[in-house]
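One file, protein.tsv, is given below (TSV, C-alpha atoms).
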```tsv
chain	number	residue	atom	x	y	z
A	13	MET	CA	0.00	0.00	0.00
A	14	SER	CA	1.27	3.45	-0.93
A	15	ALA	CA	1.89	6.18	1.64
A	16	VAL	CA	-0.92	8.32	0.20
A	17	ALA	CA	-3.46	5.49	0.47
A	18	GLY	CA	-2.39	4.77	4.03
A	19	THR	CA	-2.80	8.43	4.96
A	20	VAL	CA	-6.30	8.55	3.44
A	21	ILE	CA	-7.36	5.41	5.34
A	22	ALA	CA	-5.91	6.80	8.56
A	23	VAL	CA	-7.85	10.06	8.13
A	24	LEU	CA	-11.14	8.24	7.39
A	25	LEU	CA	-10.72	5.98	10.41
A	26	SER	CA	-9.90	9.00	12.54
A	27	LEU	CA	-13.17	10.63	11.44
A	28	VAL	CA	-15.10	7.51	12.46
A	29	SER	CA	-13.27	7.52	15.78
A	30	ALA	CA	-14.10	11.20	16.36
A	31	ALA	CA	-17.80	10.55	15.69
A	32	GLY	CA	-17.88	7.67	18.18
A	33	TYR	CA	-16.10	9.71	20.84
A	34	ALA	CA	-18.44	12.67	20.24
A	35	LEU	CA	-21.58	10.56	20.76
A	36	ALA	CA	-20.04	9.05	23.88
A	37	ALA	CA	-19.10	12.49	25.26
A	38	VAL	CA	-22.65	13.79	24.83
A	39	ALA	CA	-24.03	10.69	26.56
A	40	GLN	CA	-21.53	11.02	29.42
A	41	SER	CA	-22.34	14.70	29.85
A	42	ARG	CA	-26.04	13.93	30.17
A	43	LEU	CA	-25.31	11.21	32.72
A	44	ALA	CA	-23.05	13.55	34.71
A	45	SER	CA	-25.68	16.30	34.83
A	46	ALA	CA	-28.40	13.86	35.92
A	47	SER	CA	-26.39	12.02	38.60
A	48	ALA	CA	-25.25	13.22	41.98
A	49	GLY	CA	-21.79	12.63	43.43
A	50	GLY	CA	-20.88	11.32	46.83
A	51	PRO	CA	-20.50	7.77	48.13
A	52	GLY	CA	-21.86	5.12	45.83
A	53	ALA	CA	-21.79	7.38	42.76
A	54	LEU	CA	-19.73	4.89	40.75
A	55	ARG	CA	-22.02	2.00	41.69
A	56	ARG	CA	-25.10	3.98	40.65
A	57	LEU	CA	-23.40	4.96	37.41
A	58	LEU	CA	-22.54	1.36	36.54
A	59	ALA	CA	-26.18	0.36	37.10
A	60	ARG	CA	-27.44	2.69	34.35
A	61	PRO	CA	-27.78	1.29	30.80
A	62	GLN	CA	-26.89	4.70	29.32
A	63	TRP	CA	-23.44	4.40	30.84
A	64	TRP	CA	-22.79	1.14	29.03
A	65	TRP	CA	-23.97	2.70	25.77
A	66	ALA	CA	-21.38	5.41	26.32
A	67	VAL	CA	-18.74	2.75	27.07
A	68	GLY	CA	-19.65	0.95	23.84
A	69	LEU	CA	-19.36	4.15	21.81
A	70	ASN	CA	-16.00	4.89	23.40
A	71	ALA	CA	-14.88	1.35	22.58
A	72	ALA	CA	-15.94	1.76	18.95
A	73	GLY	CA	-14.05	5.05	18.75
A	74	ALA	CA	-11.00	3.43	20.31
A	75	LEU	CA	-11.03	0.53	17.84
A	76	ALA	CA	-11.22	2.94	14.91
A	77	HIS	CA	-8.40	4.94	16.51
A	78	VAL	CA	-6.20	1.86	16.83
A	79	ALA	CA	-6.87	0.96	13.20
A	80	ALA	CA	-5.95	4.51	12.18
A	81	LEU	CA	-2.65	4.20	14.06
A	82	HIS	CA	-1.89	1.12	11.97
A	83	TYR	CA	-2.05	3.16	8.76
A	84	GLY	CA	-0.85	6.60	9.90
A	85	PRO	CA	1.72	8.12	12.27
A	86	LEU	CA	0.88	9.28	15.76
A	87	THR	CA	1.38	12.96	14.86
A	88	LEU	CA	-1.29	12.62	12.15
A	89	VAL	CA	-3.90	10.56	13.96
A	90	GLN	CA	-3.89	12.33	17.33
A	91	PRO	CA	-4.60	15.92	16.12
A	92	LEU	CA	-7.63	14.62	14.21
A	93	GLY	CA	-9.10	13.72	17.58
A	94	ALA	CA	-9.97	17.41	17.98
A	95	LEU	CA	-12.74	16.76	15.45
A	96	THR	CA	-14.59	15.14	18.35
A	97	LEU	CA	-15.49	18.62	19.56
A	98	VAL	CA	-16.66	19.66	16.08
A	99	ALA	CA	-18.84	16.53	15.85
A	100	ALA	CA	-20.21	17.03	19.36
A	101	LEU	CA	-21.28	20.57	18.43
A	102	PRO	CA	-24.40	19.70	16.37
A	103	ILE	CA	-25.10	16.56	18.41
A	104	GLY	CA	-25.13	18.46	21.70
A	105	ALA	CA	-27.20	21.29	20.20
A	106	TYR	CA	-29.76	18.83	18.85
A	107	GLY	CA	-30.03	17.11	22.22
A	108	ALA	CA	-30.49	20.49	23.96
A	109	HIS	CA	-33.18	21.53	21.42
A	110	ARG	CA	-31.32	24.61	20.27
A	111	ARG	CA	-29.47	25.88	17.23
A	112	VAL	CA	-25.73	26.09	16.80
A	113	THR	CA	-24.61	29.68	17.29
A	114	ARG	CA	-22.46	31.68	14.88
A	115	ALA	CA	-19.60	31.72	17.38
A	116	GLU	CA	-19.69	27.93	17.47
A	117	TRP	CA	-19.60	27.66	13.66
A	118	ARG	CA	-16.66	30.09	13.56
A	119	GLY	CA	-14.87	27.97	16.13
A	120	ALA	CA	-15.51	24.84	14.07
A	121	LEU	CA	-14.07	26.55	10.99
A	122	TRP	CA	-10.93	27.70	12.84
A	123	THR	CA	-10.45	24.19	14.22
A	124	LEU	CA	-10.78	22.55	10.82
A	125	VAL	CA	-8.33	25.01	9.22
A	126	GLY	CA	-5.78	24.30	11.95
A	127	LEU	CA	-6.21	20.56	11.54
A	128	VAL	CA	-5.75	20.79	7.76
A	129	GLY	CA	-2.51	22.68	8.35
A	130	LEU	CA	-1.28	20.00	10.75
A	131	VAL	CA	-2.15	17.21	8.34
A	132	ALA	CA	-0.39	19.01	5.46
A	133	VAL	CA	2.98	19.11	7.25
A	134	THR	CA	2.80	15.73	8.98
A	135	GLY	CA	6.04	13.87	8.40
A	136	PRO	CA	6.37	10.49	6.68
A	137	ALA	CA	7.47	8.64	9.81
A	138	ALA	CA	6.67	4.95	9.61
A	139	PRO	CA	3.60	4.09	11.71
A	140	GLY	CA	5.27	0.89	12.89
A	141	GLU	CA	7.84	2.75	15.01
A	142	ALA	CA	7.31	2.30	18.71
A	143	MET	CA	8.88	2.85	22.10
A	144	SER	CA	11.11	0.32	23.74
A	145	LEU	CA	9.84	-1.43	26.85
A	146	ARG	CA	12.13	0.66	29.05
A	147	GLU	CA	10.83	3.89	27.49
A	148	ALA	CA	7.24	2.67	27.84
A	149	LEU	CA	7.69	2.01	31.56
A	150	ILE	CA	9.33	5.41	32.13
A	151	VAL	CA	6.52	7.19	30.27
A	152	THR	CA	3.93	5.20	32.25
A	153	ALA	CA	5.47	6.13	35.61
A	154	ALA	CA	5.69	9.82	34.67
A	155	THR	CA	2.09	9.80	33.44
A	156	PHE	CA	0.79	8.21	36.65
A	157	LEU	CA	2.54	10.92	38.67
A	158	LEU	CA	1.09	13.67	36.47
A	159	ILE	CA	-2.45	12.25	36.63
A	160	GLY	CA	-2.18	11.90	40.40
A	161	LEU	CA	-1.05	15.52	40.68
A	162	LEU	CA	-3.90	16.79	38.48
A	163	ALA	CA	-6.51	14.71	40.31
A	164	SER	CA	-5.26	15.80	43.75
A	165	ARG	CA	-5.31	19.47	42.76
A	166	SER	CA	-8.84	19.06	41.44
A	167	GLY	CA	-9.92	17.35	44.65
A	168	ALA	CA	-8.28	20.05	46.78
A	169	ARG	CA	-10.50	22.64	45.11
A	170	ALA	CA	-13.68	20.77	45.97
A	171	GLY	CA	-15.16	23.93	47.45
A	172	GLY	CA	-14.45	25.95	44.32
A	173	ALA	CA	-16.13	26.13	40.98
A	174	SER	CA	-17.11	22.83	39.38
A	175	ARG	CA	-15.77	24.05	36.06
A	176	GLY	CA	-12.24	24.37	37.47
A	177	ARG	CA	-12.40	20.86	38.89
A	178	GLY	CA	-13.67	19.58	35.56
A	179	LEU	CA	-10.75	21.07	33.64
A	180	GLY	CA	-8.24	19.34	35.90
A	181	HIS	CA	-9.90	15.97	35.39
A	182	ALA	CA	-10.20	16.68	31.66
A	183	THR	CA	-6.46	17.36	31.38
A	184	ALA	CA	-5.69	14.12	33.17
A	185	SER	CA	-8.11	12.24	30.91
A	186	GLY	CA	-6.54	13.64	27.75
A	187	VAL	CA	-3.02	12.79	28.92
A	188	ALA	CA	-4.11	9.24	29.78
A	189	SER	CA	-5.65	8.78	26.34
A	190	GLY	CA	-2.59	10.15	24.55
A	191	VAL	CA	-0.19	7.90	26.45
A	192	GLY	CA	-2.53	4.96	25.95
A	193	SER	CA	-2.36	5.53	22.18
A	194	ALA	CA	1.44	5.51	22.26
A	195	LEU	CA	1.45	2.29	24.32
A	196	THR	CA	-1.01	0.74	21.86
A	197	GLN	CA	1.41	1.43	19.06
A	198	THR	CA	4.17	-0.16	21.14
A	199	LEU	CA	2.02	-3.24	21.80
A	200	THR	CA	1.26	-3.59	18.09
A	201	ALA	CA	4.98	-3.53	17.32
A	202	ALA	CA	5.65	-6.04	20.11
A	203	LEU	CA	3.07	-8.47	18.72
A	204	ALA	CA	4.67	-8.10	15.28
A	205	ARG	CA	8.10	-8.91	16.80
A	206	ASP	CA	9.36	-5.53	15.63
A	207	LEU	CA	9.96	-3.88	19.00
A	208	PRO	CA	13.16	-1.83	19.47
A	209	GLY	CA	15.63	-3.88	21.48
A	210	GLY	CA	14.40	-7.23	20.20
A	211	PRO	CA	11.21	-9.31	20.47
A	212	ALA	CA	9.20	-9.04	23.67
A	213	GLY	CA	8.30	-11.96	25.91
A	214	TRP	CA	4.76	-12.96	26.82
A	215	TRP	CA	4.91	-11.25	30.21
A	216	GLN	CA	6.08	-8.01	28.60
A	217	THR	CA	3.25	-7.93	26.09
A	218	THR	CA	0.81	-8.81	28.88
A	219	LEU	CA	2.16	-5.91	30.95
A	220	LEU	CA	1.68	-3.53	28.03
A	221	ALA	CA	-1.90	-4.76	27.56
A	222	VAL	CA	-2.67	-4.23	31.26
A	223	LEU	CA	-1.21	-0.71	31.17
A	224	ILE	CA	-3.26	0.16	28.07
A	225	ALA	CA	-6.42	-1.11	29.75
A	226	ALA	CA	-5.62	0.89	32.89
A	227	PHE	CA	-5.14	4.09	30.89
A	228	ALA	CA	-8.33	3.44	28.91
A	229	VAL	CA	-10.49	2.87	32.01
A	230	GLY	CA	-8.83	5.70	33.92
A	231	GLY	CA	-9.29	8.13	31.05
A	232	LEU	CA	-12.97	7.18	30.76
A	233	LEU	CA	-13.67	7.67	34.46
A	234	LEU	CA	-11.69	10.93	34.55
A	235	SER	CA	-13.69	12.30	31.62
A	236	GLN	CA	-16.94	11.28	33.34
A	237	ALA	CA	-15.86	13.25	36.40
A	238	ALA	CA	-14.85	16.18	34.18
A	239	TYR	CA	-18.27	16.43	32.51
A	240	ARG	CA	-19.88	17.37	35.82
A	241	GLY	CA	-18.70	20.90	35.02
A	242	GLY	CA	-20.34	20.89	31.57
A	243	LEU	CA	-19.58	19.43	28.14
A	244	ALA	CA	-17.80	22.06	26.05
A	245	ALA	CA	-14.87	23.17	28.22
A	246	PRO	CA	-13.84	19.70	29.48
A	247	LEU	CA	-14.18	18.18	26.00
A	248	ALA	CA	-12.04	20.97	24.54
A	249	VAL	CA	-9.31	20.41	27.14
A	250	VAL	CA	-9.39	16.63	26.53
A	251	ASN	CA	-8.93	17.22	22.81
A	252	LEU	CA	-6.02	19.60	23.42
A	253	SER	CA	-4.13	17.60	26.04
A	254	ASN	CA	-4.57	14.30	24.18
A	255	PRO	CA	-2.64	15.25	21.00
A	256	ALA	CA	-0.21	17.34	23.04
A	257	ALA	CA	0.85	14.32	25.10
A	258	ALA	CA	1.01	12.11	22.02
A	259	ALA	CA	3.02	14.70	20.07
A	260	VAL	CA	5.60	14.95	22.85
A	261	ILE	CA	6.04	11.18	22.81
A	262	GLY	CA	6.05	10.99	19.01
A	263	VAL	CA	8.68	13.66	18.53
A	264	ALA	CA	10.86	12.88	21.56
A	265	LEU	CA	10.85	9.07	21.43
A	266	LEU	CA	9.48	7.83	18.10
A	267	GLY	CA	11.50	9.99	15.74
A	268	GLU	CA	8.41	11.52	14.12
A	269	THR	CA	8.83	14.94	12.57
A	270	PHE	CA	7.24	17.43	10.17
A	271	ARG	CA	7.87	18.04	6.48
A	272	ALA	CA	9.95	20.94	5.12
A	273	GLY	CA	12.29	21.10	8.10
A	274	ALA	CA	12.15	24.35	10.06
A	275	TRP	CA	9.34	25.70	7.86
A	276	GLY	CA	7.30	22.61	8.63
A	277	TRP	CA	7.73	23.21	12.35
A	278	ALA	CA	6.68	26.84	11.89
A	279	VAL	CA	3.57	25.85	9.92
A	280	ALA	CA	2.73	23.22	12.54
A	281	ALA	CA	3.06	25.81	15.31
A	282	VAL	CA	0.80	28.29	13.51
A	283	ALA	CA	-1.72	25.56	12.69
A	284	SER	CA	-1.75	24.49	16.34
A	285	LEU	CA	-2.49	28.07	17.43
A	286	VAL	CA	-5.30	28.31	14.86
A	287	ALA	CA	-6.80	25.02	16.06
A	288	ALA	CA	-6.47	26.15	19.69
A	289	ARG	CA	-8.30	29.39	18.90
A	290	GLY	CA	-11.05	27.39	17.27
A	291	VAL	CA	-11.41	25.22	20.35
A	292	VAL	CA	-11.59	28.32	22.55
A	293	LEU	CA	-14.30	29.82	20.33
A	294	LEU	CA	-16.25	26.58	20.46
A	295	THR	CA	-15.96	26.48	24.24
A	296	THR	CA	-17.07	30.10	24.64
A	297	GLY	CA	-19.92	29.76	22.20
A	298	ILE	CA	-21.33	26.64	23.82
A	299	GLY	CA	-20.93	28.15	27.30
A	300	GLU	CA	-22.69	31.40	26.37
A	301	GLU	CA	-25.55	29.55	24.73
A	302	GLY	CA	-25.94	27.34	27.77
A	303	GLY	CA	-25.99	30.38	30.04
A	304	ARG	CA	-28.67	32.10	27.95
A	305	THR	CA	-30.80	28.97	27.91
A	306	GLU	CA	-30.52	28.60	31.66
A	307	SER	CA	-31.50	32.24	32.17
A	308	VAL	CA	-34.58	31.82	30.03
A	309	VAL	CA	-35.62	28.71	31.93
A	310	VAL	CA	-35.20	30.42	35.28
A	311	ALA	CA	-37.02	33.55	34.16
A	312	SER	CA	-39.95	31.62	32.75
A	313	SER	CA	-40.30	29.23	35.69
A	314	PRO	CA	-43.72	29.63	37.35
A	315	THR	CA	-42.43	28.38	40.69
A	316	ALA	CA	-41.17	31.03	43.10
A	317	PRO	CA	-37.80	30.35	44.76
A	318	ALA	CA	-37.79	29.04	48.30
A	319	PRO	CA	-37.18	31.64	50.99
A	320	ALA	CA	-33.67	31.80	52.39
A	321	ALA	CA	-32.91	30.45	55.85
A	322	GLY	CA	-33.88	32.84	58.60
A	323	THR	CA	-36.44	34.77	56.59
A	324	ALA	CA	-40.16	34.63	56.93
A	325	PRO	CA	-42.15	33.27	54.02
A	326	SER	CA	-44.00	35.82	52.03
A	327	ALA	CA	-47.75	36.10	52.30
A	328	ALA	CA	-50.19	36.18	49.44
A	329	PRO	CA	-48.81	37.68	46.26
A	330	GLY	CA	-49.36	41.38	45.99
A	331	PRO	CA	-47.96	44.39	44.21
A	332	VAL	CA	-44.19	44.60	44.05
A	333	PRO	CA	-42.88	47.34	46.37
A	334	SER	CA	-40.81	50.06	44.86
A	335	ALA	CA	-37.03	50.21	45.31
A	336	ARG	CA	-37.39	53.43	47.33
A	337	ALA	CA	-39.65	51.75	49.86
A	338	GLU	CA	-37.17	48.89	50.41
A	339	SER	CA	-33.93	50.84	50.80
A	340	GLY	CA	-32.89	53.30	53.47
A	341	PRO	CA	-34.96	54.96	56.20
A	342	ARG	CA	-38.42	55.96	55.23
A	343	GLU	CA	-39.07	59.65	54.82
A	344	PRO	CA	-42.24	61.12	56.33
A	345	MET	CA	-45.05	61.30	53.87
A	346	PRO	CA	-46.18	64.87	53.21
A	347	LEU	CA	-49.62	65.59	54.64
A	348	ALA	CA	-52.24	66.46	52.14
A	349	ASP	CA	-54.12	69.76	52.41
A	350	PRO	CA	-57.25	69.44	54.58
A	351	LEU	CA	-60.46	69.20	52.68
A	352	PRO	CA	-62.65	72.29	52.90
A	353	VAL	CA	-65.50	71.97	55.35
A	354	PRO	CA	-68.80	72.68	53.65
A	355	GLN	CA	-70.65	75.71	55.06
A	356	PRO	CA	-74.32	75.37	55.96
A	357	ALA	CA	-76.67	77.08	53.61
A	358	ARG	CA	-78.20	80.32	54.85
```

In structure tokens, write the structure found in this file.
Amino acid sequence: MSAVAGTVIAVLLSLVSAAGYALAAVAQSRLASASAGGPGALRRLLARPQWWWAVGLNAAGALAHVAALHYGPLTLVQPLGALTLVAALPIGAYGAHRRVTRAEWRGALWTLVGLVGLVAVTGPAAPGEAMSLREALIVTAATFLLIGLLASRSGARAGGASRGRGLGHATASGVASGVGSALTQTLTAALARDLPGGPAGWWQTTLLAVLIAAFAVGGLLLSQAAYRGGLAAPLAVVNLSNPAAAAVIGVALLGETFRAGAWGWAVAAVASLVAARGVVLLTTGIGEEGGRTESVVVASSPTAPAPAAGTAPSAAPGPVPSARAESGPREPMPLADPLPVPQPAR
């Protein structure tokens, strides 16, 4: 198979993978918004059929992703994962019974332009290249430490905004997925007896498979925790941290590079900034639309809010008092002129 045909197949499989991940992300976001945290949250989540549908969609996306890695390099396949956010845009809007805003469409366009730029300068590194077992174990240990740090910082801010906690979990989920992709490529090479340093034994391939499964399950649970703060921002961070982690491994350890030398690196940097701006626009657009929808729902709700603690409940509804009557000391009302007393007729 020619290099061009392999690249086309890798791109098509990446699109299928992005669609599966987008459907799963929307399903996970709905589950996160409908479920409460606390003890037993994981057990309640596992008892819901919707969760297993999301797991199946994630598995389908992962299988398409693995197949794409067989035909294309890591630096090509991973950036295409950002299309998950573009695919989730109309799916999430349809599920929320709203239209996609102009800001969201602009963000999708910026993201696609950046991805096209990245694909255009992707180097011809052979997709069969992989890490050695020693490098895989070092990367695994460093990733576990980073995920633990991100998760602990997110847990330490439990009293803060849920969106901040969600971004920490989303970063950890993206890093876990990126490293899992690199380990999958290493396992594929090990099964083909083409691993750097010589063929791997059965216990080494088993260890790689266990590590890949751990990163897959951990990334899924971390993303589920991240979606408690919404869909758009955590999904955007997952799609940024995932290719970033994979790109670091691909360039530093796998010998992957970009075409045209220094100019290729410059084009890749500009394309990455364009794609990042698109993701930011998508995040802002979805957040603003969600805020407007929530405001409309609250304003149109016929149920009055419950009185705050320590305040007496209001009586029957009546006219709304003016702002002057509620603020500051009351001024004495001016007395009206006395009515004229009628004189008796003479």

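Using all atoms listed in the file, the contacts of Ala256 of chain A at a cut-off of 9 Å, with sequence neighbours closer than 5 positions omitted, comprise Gln90, Pro91, Gly186, Val187, Gly190, Asn251 and Ile261 of chain A.
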
Self-check item: Polymer residues at most 9 Å from Ala66 of chain A, only C-alpha atoms, same-chain spacing of 2 or more positions, as a VMD selection string
Solution: chain A and resid 33 35 to 40 61 to 64 68 to 71

Self-check item: A:Ser26, A:Thr183, A:Ser47, A:Ser144 ranked by distance to Ala257 of chain A, top pick (using only C-alpha atoms)
Solution: A:Thr183

Exercise. Give the answer as one residue: which of A:Ala194, A:Ala79, A:Val128, A:Leu57 has the shortest atom-to-atom distance to Leu266 of chain A, using all atoms listed in the file?
Key: A:Ala194

Practice problem: Rank A:Ala245, A:Ala80, A:Ala94, A:Leu223 by their smallest atom-to-atom distance to Val151 of chain A, using all atoms listed in the file, and report the top residue only. | Solution: A:Leu223

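Closest approach to Val282 of chain A among A:Ala248, A:Val125, A:Leu199, A:Ala259 is made by A:Val125 (distances from only C-alpha atoms).
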
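What separates atom CA of Pro102 of chain A from atom CA of Leu247 of chain A is a distance of 14.1 Å.
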
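Across the model, the gap from atom CA of Ser235 of chain A to atom CA of Ser185 of chain A is 5.6 Å.
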
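Picture a line from atom CA of Thr96 of chain A to atom CA of Ala142 of chain A; it runs 25.4 Å.
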
Box for segment 259-269 of chain A: with edges along x, y and z, all listed atoms inside and 8 Å added on each side, what are the centre and edge lengths in Å to one decimal, as AutoDock Vina command-line options?
```
--center_x 7.3 --center_y 11.4 --center_z 17.7 --size_x 24.5 --size_y 23.1 --size_z 26.3
```

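In terms of minimum interatomic distance to Leu195 of chain A, A:Thr152 ranks closest within A:Ser164, A:Gln216, A:Thr152, A:Ser45, counting all atoms listed in the file.
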
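Among the candidates A:Ile224, A:Ala115, A:Leu161, A:Val133, the residue lying nearest to Gly192 of chain A is A:Ile224 (atoms considered: all atoms listed in the file).
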
Quiz item: So which residues touch Thr155 of chain A within 9 Å, counting all atoms listed in the file, skipping near sequence neighbours fewer than 3 positions away, as a VMD selection string?
Solution: chain A and resid 150 to 152 158 to 160 184 187 to 188 191

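For the point (-2.0, 27.4, 12.6), the residues with an atom at a distance of at most 12 Å are A:Trp122, A:Thr123, A:Leu124, A:Val125, A:Gly126, A:Leu127, A:Val128, A:Gly129, A:Leu130, A:Val131, A:Ala132, A:Val133, A:Gly276, A:Trp277, A:Ala278, A:Val279, A:Ala280, A:Ala281, A:Val282, A:Ala283, A:Ser284, A:Leu285, A:Val286, A:Ala287, A:Ala288, A:Arg289, A:Gly290, counting only C-alpha atoms.
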